[in-house]
$ cat protein_22.csv   # CSV, C-alpha atoms
chain,number,residue,atom,x,y,z
U,1,MET,CA,0.0,0.0,0.0
U,2,GLY,CA,2.9,2.4,0.8
U,3,ILE,CA,4.4,1.8,-2.7
U,4,ALA,CA,1.1,2.5,-4.4
U,5,LYS,CA,0.7,5.7,-2.4
U,6,ASN,CA,4.2,6.8,-3.2
U,7,ASN,CA,3.7,6.1,-6.9
U,8,LYS,CA,0.4,8.1,-6.8
U,9,GLU,CA,2.2,11.0,-5.1
U,10,GLU,CA,5.0,10.9,-7.6
U,11,GLY,CA,2.4,10.9,-10.4
U,12,GLN,CA,0.7,14.0,-9.0
U,13,SER,CA,4.1,15.6,-8.5
U,14,THR,CA,5.0,14.9,-12.1
U,15,LYS,CA,1.6,16.2,-13.2
U,16,GLU,CA,2.0,19.4,-11.3
U,17,LYS,CA,5.5,19.9,-12.7
U,18,LYS,CA,4.2,19.4,-16.2
U,19,LYS,CA,1.4,22.0,-15.6
U,20,LEU,CA,4.0,24.5,-14.3
U,21,SER,CA,6.2,23.7,-17.2
U,22,ILE,CA,3.5,24.5,-19.7
U,23,VAL,CA,2.8,27.8,-18.1
U,24,ALA,CA,6.5,28.6,-17.8
U,25,GLN,CA,7.0,27.8,-21.4
U,26,VAL,CA,4.2,30.0,-22.6
U,27,ARG,CA,5.5,32.8,-20.3
U,28,ALA,CA,9.0,32.5,-21.7
U,29,GLU,CA,7.6,32.6,-25.3
U,30,ILE,CA,5.3,35.6,-25.0
U,31,VAL,CA,6.1,37.7,-22.0
U,32,PRO,CA,9.0,40.2,-22.3
U,33,LYS,CA,11.5,40.5,-19.5
U,34,ASP,CA,12.1,43.6,-17.3
U,35,GLY,CA,14.9,45.6,-18.9
U,36,GLN,CA,14.4,44.1,-22.3
U,37,GLU,CA,15.3,46.4,-25.2
U,38,THR,CA,12.5,47.7,-27.4
U,39,SER,CA,12.4,48.9,-31.0
U,40,TYR,CA,11.9,52.5,-29.7
U,41,GLY,CA,15.0,52.5,-27.4
U,42,ILE,CA,13.3,52.6,-24.0
U,43,PRO,CA,14.0,49.3,-22.1
U,44,LEU,CA,10.9,47.7,-20.6
U,45,SER,CA,10.3,48.7,-16.9
U,46,LEU,CA,7.2,49.3,-14.8
U,47,LYS,CA,8.9,52.7,-14.0
U,48,ASN,CA,8.1,53.7,-17.5
U,49,THR,CA,4.4,53.8,-16.7
U,50,GLU,CA,4.4,57.4,-15.4
U,51,LYS,CA,6.6,58.5,-18.3
U,52,PHE,CA,4.1,57.0,-20.8
U,53,GLU,CA,1.2,58.6,-18.9
U,54,ARG,CA,2.9,62.0,-19.2
U,55,TYR,CA,3.2,61.3,-23.0
U,56,TYR,CA,-0.5,60.8,-23.1
U,57,GLU,CA,-1.1,64.1,-21.3
U,58,ASN,CA,1.5,66.2,-23.2
U,59,ILE,CA,1.8,64.8,-26.7
U,60,ASN,CA,-0.9,66.0,-29.0
U,61,LEU,CA,-1.6,64.2,-32.3
U,62,THR,CA,-3.0,65.5,-35.5
U,63,LEU,CA,-6.2,63.9,-36.8
U,64,GLU,CA,-4.2,61.8,-39.2
U,65,GLN,CA,-1.9,60.6,-36.3
U,66,GLU,CA,-5.0,59.8,-34.2
U,67,LYS,CA,-6.2,57.5,-37.0
U,68,ILE,CA,-2.9,55.7,-36.9
U,69,LYS,CA,-3.3,55.2,-33.1
U,70,ASP,CA,-6.9,54.1,-33.4
U,71,ASN,CA,-6.1,51.7,-36.2
U,72,ALA,CA,-3.2,50.2,-34.2
U,73,LEU,CA,-5.1,49.8,-30.9
U,74,SER,CA,-8.6,49.0,-32.1
U,75,THR,CA,-7.7,45.4,-32.7
U,76,ILE,CA,-6.2,44.8,-29.3
U,77,PRO,CA,-8.6,44.0,-26.5
U,78,ALA,CA,-8.1,46.2,-23.4
U,79,THR,CA,-6.7,43.7,-20.8
U,80,CYS,CA,-8.7,45.3,-18.0
U,81,CYS,CA,-12.0,45.2,-19.9
U,82,PRO,CA,-11.5,42.8,-22.9
U,83,ASP,CA,-14.9,43.5,-24.4
U,84,LYS,CA,-13.6,47.0,-25.3
U,85,PRO,CA,-10.7,47.7,-27.6
U,86,MET,CA,-7.5,49.2,-26.3
U,87,SER,CA,-8.2,52.3,-28.4
U,88,THR,CA,-11.0,53.3,-26.1
U,89,CYS,CA,-10.9,51.1,-23.0
U,90,CYS,CA,-13.8,51.7,-20.7
U,91,CYS,CA,-12.1,54.5,-18.7
U,92,THR,CA,-8.9,56.5,-18.4
U,93,CYS,CA,-7.1,54.1,-16.0
U,94,ASN,CA,-3.3,54.1,-15.7
U,95,LEU,CA,-3.1,51.0,-17.9
U,96,ALA,CA,-4.9,52.7,-20.8
U,97,LYS,CA,-3.1,56.0,-20.4
U,98,SER,CA,0.3,54.3,-20.5
U,99,VAL,CA,-0.6,52.5,-23.7
U,100,TRP,CA,-2.1,55.6,-25.2
U,101,GLY,CA,0.9,57.7,-24.2
U,102,LEU,CA,3.4,55.2,-25.5
U,103,SER,CA,1.4,55.2,-28.8
U,104,ASN,CA,1.4,59.0,-28.9
U,105,TYR,CA,5.2,59.1,-28.4
U,106,LEU,CA,5.9,56.4,-31.1
U,107,ILE,CA,3.7,58.2,-33.7
U,108,LYS,CA,4.8,61.8,-33.0
U,109,GLU,CA,8.5,61.3,-32.1
U,110,LYS,CA,9.4,58.1,-33.8
U,111,ASN,CA,7.1,58.3,-36.8
U,112,TYR,CA,5.8,54.7,-36.2
U,113,ASP,CA,3.1,53.4,-38.5
U,114,THR,CA,0.0,51.4,-37.5
U,115,LYS,CA,1.8,48.0,-37.4
U,116,GLU,CA,4.8,49.3,-35.5
U,117,VAL,CA,2.5,51.0,-32.9
U,118,ARG,CA,0.4,47.8,-32.5
U,119,GLU,CA,3.5,45.6,-32.0
U,120,ALA,CA,5.0,48.0,-29.4
U,121,ALA,CA,1.7,48.3,-27.6
U,122,LEU,CA,1.3,44.5,-27.4
U,123,GLN,CA,4.9,44.2,-26.1
U,124,TRP,CA,4.1,46.7,-23.4
U,125,LEU,CA,0.8,45.1,-22.5
U,126,ARG,CA,2.3,41.6,-22.4
U,127,PHE,CA,5.0,43.0,-20.0
U,128,ILE,CA,2.6,44.8,-17.6
U,129,ARG,CA,-0.3,42.3,-17.7
U,130,PRO,CA,1.3,38.9,-18.5
U,131,GLY,CA,-1.4,36.9,-16.8
U,132,TYR,CA,-4.0,38.0,-19.3
U,133,TYR,CA,-1.8,37.0,-22.3
U,134,ILE,CA,-0.7,33.7,-20.8
U,135,ALA,CA,-4.3,32.7,-20.2
U,136,GLU,CA,-5.3,33.8,-23.7
U,137,GLU,CA,-2.4,31.9,-25.3
U,138,LEU,CA,-3.3,28.7,-23.4
U,139,LYS,CA,-7.0,29.0,-24.3
U,140,ASN,CA,-6.1,29.6,-28.0
U,141,SER,CA,-4.0,26.5,-28.0
U,142,GLY,CA,-7.0,24.5,-26.8
U,143,LEU,CA,-6.0,24.0,-23.2
U,144,GLU,CA,-8.5,24.5,-20.4
U,145,LEU,CA,-7.0,26.9,-17.9
U,146,SER,CA,-8.1,24.6,-15.1
U,147,SER,CA,-6.0,21.8,-16.6
U,148,VAL,CA,-2.8,23.7,-15.8
U,149,GLY,CA,-4.0,25.0,-12.5
U,150,LEU,CA,-5.2,28.4,-13.6
U,151,THR,CA,-8.5,30.1,-13.3
U,152,PRO,CA,-9.7,32.7,-15.8
U,153,GLU,CA,-8.7,36.3,-15.0
U,154,LYS,CA,-11.7,38.4,-14.4
U,155,PRO,CA,-11.6,41.9,-16.0
U,156,SER,CA,-10.3,44.3,-13.4
U,157,CYS,CA,-12.6,47.1,-14.5
U,158,TYR,CA,-15.7,45.0,-13.7
U,159,THR,CA,-14.4,43.6,-10.4
U,160,ARG,CA,-13.4,46.8,-8.6
U,161,ARG,CA,-9.7,46.0,-9.1
U,162,CYS,CA,-8.8,49.2,-10.9
U,163,ASN,CA,-6.6,50.5,-8.2
U,164,LEU,CA,-4.5,47.3,-7.9
U,165,PRO,CA,-1.0,47.2,-9.4
U,166,PHE,CA,-0.6,45.6,-12.8
U,167,LYS,CA,1.1,42.6,-11.2
U,168,GLU,CA,-2.1,41.9,-9.3
U,169,GLY,CA,-4.3,42.1,-12.4
U,170,GLY,CA,-5.3,45.7,-11.8
U,171,CYS,CA,-5.3,48.8,-13.9
U,172,GLY,CA,-2.4,50.4,-11.9
U,173,GLY,CA,-4.7,53.0,-10.5
U,174,MET,CA,-6.9,55.8,-11.8
U,175,ASN,CA,-4.8,58.9,-11.2
$ encode --input "protein_22.csv" --output "structure tokens"
Amino acid sequence: MGIAKNNKEEGQSTKEKKKLSIVAQVRAEIVPKDGQETSYGIPLSLKNTEKFERYYENINLTLEQEKIKDNALSTIPATCCPDKPMSTCCCTCNLAKSVWGLSNYLIKEKNYDTKEVREAALQWLRFIRPGYYIAEELKNSGLELSSVGLTPEKPSCYTRRCNLPFKEGGCGGMN
């Protein structure tokens, strides 16, 4: 009986390791690392959030430039309220302002086109809200989140988590 129990425990242990391995593999494939270089020359860091928010407040775009931003962000779900596109979100939370500000900077200062803005915004979003993208990738590959020990992330805007930090699935605040 002790041997059977040990084998069962070993099997569960191996199963748990496999689940963690799948999640770690997806994370390694799609989530950028802190300090990673970007195409626009600002290494990824949560400290950039305030800088990007200031870009949103201080960089004004022409109507033509606004179209570039809208086209780039309208196909990306807002990670805090995924029934809305990132171009509008449902509010002006810090998550949205950071993406909008980064986009303003890239369009105005770096002359980025729609595709380049979309790629940079996705890189930033995967960095600040990795849980959303890991879950989406697992779902898109046909895996049930529960099969790897995860539960679906509920949209922060609809669960009163707007003031939580990005790492905790929040919007990073509303200031």
$ residues_around --input "protein_22.csv" --residues "U:Leu106" --least-positions-apart "5" --cutoff "9 Å" --atoms "all atoms listed in the file" --output "list of chain:residue names"
U:Tyr40, U:Gly101, U:Asn111, U:Tyr112, U:Asp113, U:Glu116, U:Val117, U:Ala120
$ closest_residue --input "protein_22.csv" --among "U:Ala28, U:Pro165, U:Thr14, U:Cys90" --to "U:Glu137" --atoms "all atoms listed in the file"
U:Ala28
$ closest_residue --input "protein_22.csv" --among "U:Val148, U:Leu73, U:Leu95, U:Ala24" --to "U:Leu46" --atoms "only C-alpha atoms"
U:Leu95
$ residues_around --input "protein_22.csv" --residues "U:Gln65" --least-positions-apart "5" --cutoff "9 Å" --atoms "only C-alpha atoms" --output "list of chain:residue names"
U:Asp70, U:Asn104, U:Ile107, U:Lys108
$ atom_distance --input "protein_22.csv" --atom1 "atom CA of U:Thr75" --atom2 "atom CA of U:Ile128"
18.3 Å
$ closest_residue --input "protein_22.csv" --among "U:Leu145, U:Ala135, U:Ile59, U:Leu125" --to "U:Glu109" --atoms "only C-alpha atoms"
U:Ile59
$ atom_distance --input "protein_22.csv" --atom1 "atom CA of U:Tyr56" --atom2 "atom CA of U:Arg161"
22.4 Å
$ atom_distance --input "protein_22.csv" --atom1 "atom CA of U:Asn140" --atom2 "atom CA of U:Lys115"
22.1 Å
$ closest_residue --input "protein_22.csv" --among "U:Lys51, U:Phe127, U:Leu44, U:Glu64" --to "U:Lys167" --atoms "all atoms listed in the file"
U:Phe127
$ closest_residue --input "protein_22.csv" --among "U:Thr92, U:Tyr55, U:Tyr105, U:Leu150" --to "U:Cys80" --atoms "all atoms listed in the file"
U:Thr92
$ residues_around --input "protein_22.csv" --residues "U:Cys162" --least-positions-apart "4" --cutoff "7 Å" --atoms "only C-alpha atoms" --output "ChimeraX atom specification"
/U:156-157,170-174
$ closest_residue --input "protein_22.csv" --among "U:Gly131, U:Ser147, U:Glu168, U:Thr49" --to "U:Lys18" --atoms "all atoms listed in the file"
U:Ser147
$ decode --input "protein_22.csv" --residues "stretch 33-169 of chain U" --atoms "C-alpha atoms" --output "mmCIF file, in the first residue's frame"
data_model
loop_
_atom_site.group_PDB
_atom_site.id
_atom_site.type_symbol
_atom_site.label_atom_id
_atom_site.label_comp_id
_atom_site.auth_asym_id
_atom_site.auth_seq_id
_atom_site.Cartn_x
_atom_site.Cartn_y
_atom_site.Cartn_z
ATOM 1 C CA LYS U 33 11.458 40.542 -19.457
ATOM 2 C CA ASP U 34 12.125 43.572 -17.279
ATOM 3 C CA GLY U 35 14.892 45.613 -18.892
ATOM 4 C CA GLN U 36 14.370 44.064 -22.331
ATOM 5 C CA GLU U 37 15.301 46.390 -25.171
ATOM 6 C CA THR U 38 12.529 47.724 -27.388
ATOM 7 C CA SER U 39 12.387 48.921 -30.974
ATOM 8 C CA TYR U 40 11.908 52.493 -29.705
ATOM 9 C CA GLY U 41 14.954 52.524 -27.427
ATOM 10 C CA ILE U 42 13.301 52.567 -23.985
ATOM 11 C CA PRO U 43 13.968 49.307 -22.101
ATOM 12 C CA LEU U 44 10.872 47.733 -20.564
ATOM 13 C CA SER U 45 10.299 48.702 -16.930
ATOM 14 C CA LEU U 46 7.245 49.339 -14.794
ATOM 15 C CA LYS U 47 8.923 52.653 -13.965
ATOM 16 C CA ASN U 48 8.064 53.750 -17.523
ATOM 17 C CA THR U 49 4.362 53.781 -16.694
ATOM 18 C CA GLU U 50 4.435 57.356 -15.396
ATOM 19 C CA LYS U 51 6.579 58.500 -18.321
ATOM 20 C CA PHE U 52 4.117 56.991 -20.793
ATOM 21 C CA GLU U 53 1.196 58.570 -18.921
ATOM 22 C CA ARG U 54 2.911 61.961 -19.249
ATOM 23 C CA TYR U 55 3.247 61.335 -22.992
ATOM 24 C CA TYR U 56 -0.522 60.813 -23.071
ATOM 25 C CA GLU U 57 -1.066 64.121 -21.256
ATOM 26 C CA ASN U 58 1.530 66.160 -23.177
ATOM 27 C CA ILE U 59 1.837 64.845 -26.732
ATOM 28 C CA ASN U 60 -0.935 66.015 -29.010
ATOM 29 C CA LEU U 61 -1.567 64.183 -32.258
ATOM 30 C CA THR U 62 -3.028 65.469 -35.496
ATOM 31 C CA LEU U 63 -6.240 63.876 -36.786
ATOM 32 C CA GLU U 64 -4.187 61.755 -39.183
ATOM 33 C CA GLN U 65 -1.926 60.607 -36.343
ATOM 34 C CA GLU U 66 -4.967 59.826 -34.180
ATOM 35 C CA LYS U 67 -6.191 57.543 -36.980
ATOM 36 C CA ILE U 68 -2.890 55.658 -36.872
ATOM 37 C CA LYS U 69 -3.263 55.210 -33.119
ATOM 38 C CA ASP U 70 -6.891 54.138 -33.384
ATOM 39 C CA ASN U 71 -6.132 51.655 -36.166
ATOM 40 C CA ALA U 72 -3.233 50.225 -34.176
ATOM 41 C CA LEU U 73 -5.093 49.849 -30.885
ATOM 42 C CA SER U 74 -8.622 49.036 -32.052
ATOM 43 C CA THR U 75 -7.719 45.396 -32.747
ATOM 44 C CA ILE U 76 -6.161 44.850 -29.289
ATOM 45 C CA PRO U 77 -8.565 43.980 -26.465
ATOM 46 C CA ALA U 78 -8.139 46.165 -23.388
ATOM 47 C CA THR U 79 -6.733 43.717 -20.848
ATOM 48 C CA CYS U 80 -8.703 45.325 -18.016
ATOM 49 C CA CYS U 81 -12.016 45.210 -19.913
ATOM 50 C CA PRO U 82 -11.498 42.842 -22.869
ATOM 51 C CA ASP U 83 -14.935 43.507 -24.356
ATOM 52 C CA LYS U 84 -13.566 46.955 -25.287
ATOM 53 C CA PRO U 85 -10.684 47.744 -27.648
ATOM 54 C CA MET U 86 -7.483 49.224 -26.251
ATOM 55 C CA SER U 87 -8.159 52.303 -28.396
ATOM 56 C CA THR U 88 -11.036 53.303 -26.114
ATOM 57 C CA CYS U 89 -10.896 51.063 -23.025
ATOM 58 C CA CYS U 90 -13.809 51.744 -20.667
ATOM 59 C CA CYS U 91 -12.055 54.470 -18.675
ATOM 60 C CA THR U 92 -8.860 56.480 -18.410
ATOM 61 C CA CYS U 93 -7.070 54.126 -16.035
ATOM 62 C CA ASN U 94 -3.295 54.136 -15.748
ATOM 63 C CA LEU U 95 -3.059 51.026 -17.903
ATOM 64 C CA ALA U 96 -4.935 52.736 -20.753
ATOM 65 C CA LYS U 97 -3.092 56.036 -20.360
ATOM 66 C CA SER U 98 0.269 54.262 -20.470
ATOM 67 C CA VAL U 99 -0.623 52.501 -23.727
ATOM 68 C CA TRP U 100 -2.109 55.647 -25.248
ATOM 69 C CA GLY U 101 0.901 57.710 -24.186
ATOM 70 C CA LEU U 102 3.391 55.202 -25.544
ATOM 71 C CA SER U 103 1.439 55.231 -28.804
ATOM 72 C CA ASN U 104 1.442 59.039 -28.944
ATOM 73 C CA TYR U 105 5.205 59.084 -28.419
ATOM 74 C CA LEU U 106 5.863 56.442 -31.068
ATOM 75 C CA ILE U 107 3.695 58.187 -33.652
ATOM 76 C CA LYS U 108 4.816 61.768 -32.981
ATOM 77 C CA GLU U 109 8.479 61.297 -32.054
ATOM 78 C CA LYS U 110 9.445 58.062 -33.809
ATOM 79 C CA ASN U 111 7.143 58.277 -36.834
ATOM 80 C CA TYR U 112 5.814 54.745 -36.228
ATOM 81 C CA ASP U 113 3.114 53.365 -38.497
ATOM 82 C CA THR U 114 0.033 51.365 -37.461
ATOM 83 C CA LYS U 115 1.779 47.996 -37.436
ATOM 84 C CA GLU U 116 4.776 49.263 -35.455
ATOM 85 C CA VAL U 117 2.537 50.962 -32.867
ATOM 86 C CA ARG U 118 0.436 47.789 -32.511
ATOM 87 C CA GLU U 119 3.545 45.634 -31.986
ATOM 88 C CA ALA U 120 5.010 48.022 -29.394
ATOM 89 C CA ALA U 121 1.678 48.335 -27.551
ATOM 90 C CA LEU U 122 1.321 44.545 -27.436
ATOM 91 C CA GLN U 123 4.867 44.195 -26.126
ATOM 92 C CA TRP U 124 4.113 46.719 -23.358
ATOM 93 C CA LEU U 125 0.790 45.069 -22.498
ATOM 94 C CA ARG U 126 2.343 41.603 -22.355
ATOM 95 C CA PHE U 127 4.960 43.034 -20.022
ATOM 96 C CA ILE U 128 2.573 44.815 -17.627
ATOM 97 C CA ARG U 129 -0.319 42.298 -17.720
ATOM 98 C CA PRO U 130 1.313 38.919 -18.486
ATOM 99 C CA GLY U 131 -1.423 36.854 -16.812
ATOM 100 C CA TYR U 132 -4.018 37.957 -19.348
ATOM 101 C CA TYR U 133 -1.829 37.018 -22.305
ATOM 102 C CA ILE U 134 -0.666 33.717 -20.824
ATOM 103 C CA ALA U 135 -4.296 32.717 -20.230
ATOM 104 C CA GLU U 136 -5.299 33.798 -23.744
ATOM 105 C CA GLU U 137 -2.416 31.852 -25.304
ATOM 106 C CA LEU U 138 -3.328 28.715 -23.355
ATOM 107 C CA LYS U 139 -7.010 29.044 -24.319
ATOM 108 C CA ASN U 140 -6.111 29.633 -27.973
ATOM 109 C CA SER U 141 -3.991 26.481 -27.966
ATOM 110 C CA GLY U 142 -7.015 24.486 -26.817
ATOM 111 C CA LEU U 143 -6.005 24.004 -23.195
ATOM 112 C CA GLU U 144 -8.512 24.464 -20.416
ATOM 113 C CA LEU U 145 -6.995 26.865 -17.909
ATOM 114 C CA SER U 146 -8.063 24.560 -15.082
ATOM 115 C CA SER U 147 -6.011 21.751 -16.640
ATOM 116 C CA VAL U 148 -2.841 23.709 -15.848
ATOM 117 C CA GLY U 149 -4.006 24.955 -12.463
ATOM 118 C CA LEU U 150 -5.169 28.415 -13.561
ATOM 119 C CA THR U 151 -8.499 30.143 -13.285
ATOM 120 C CA PRO U 152 -9.688 32.697 -15.843
ATOM 121 C CA GLU U 153 -8.665 36.251 -14.996
ATOM 122 C CA LYS U 154 -11.713 38.402 -14.417
ATOM 123 C CA PRO U 155 -11.625 41.862 -16.005
ATOM 124 C CA SER U 156 -10.313 44.298 -13.405
ATOM 125 C CA CYS U 157 -12.617 47.119 -14.457
ATOM 126 C CA TYR U 158 -15.692 45.036 -13.689
ATOM 127 C CA THR U 159 -14.449 43.566 -10.414
ATOM 128 C CA ARG U 160 -13.368 46.755 -8.593
ATOM 129 C CA ARG U 161 -9.663 46.021 -9.054
ATOM 130 C CA CYS U 162 -8.768 49.199 -10.944
ATOM 131 C CA ASN U 163 -6.550 50.498 -8.151
ATOM 132 C CA LEU U 164 -4.534 47.285 -7.872
ATOM 133 C CA PRO U 165 -1.033 47.174 -9.359
ATOM 134 C CA PHE U 166 -0.573 45.626 -12.792
ATOM 135 C CA LYS U 167 1.137 42.598 -11.206
ATOM 136 C CA GLU U 168 -2.064 41.854 -9.289
ATOM 137 C CA GLY U 169 -4.275 42.081 -12.366
#
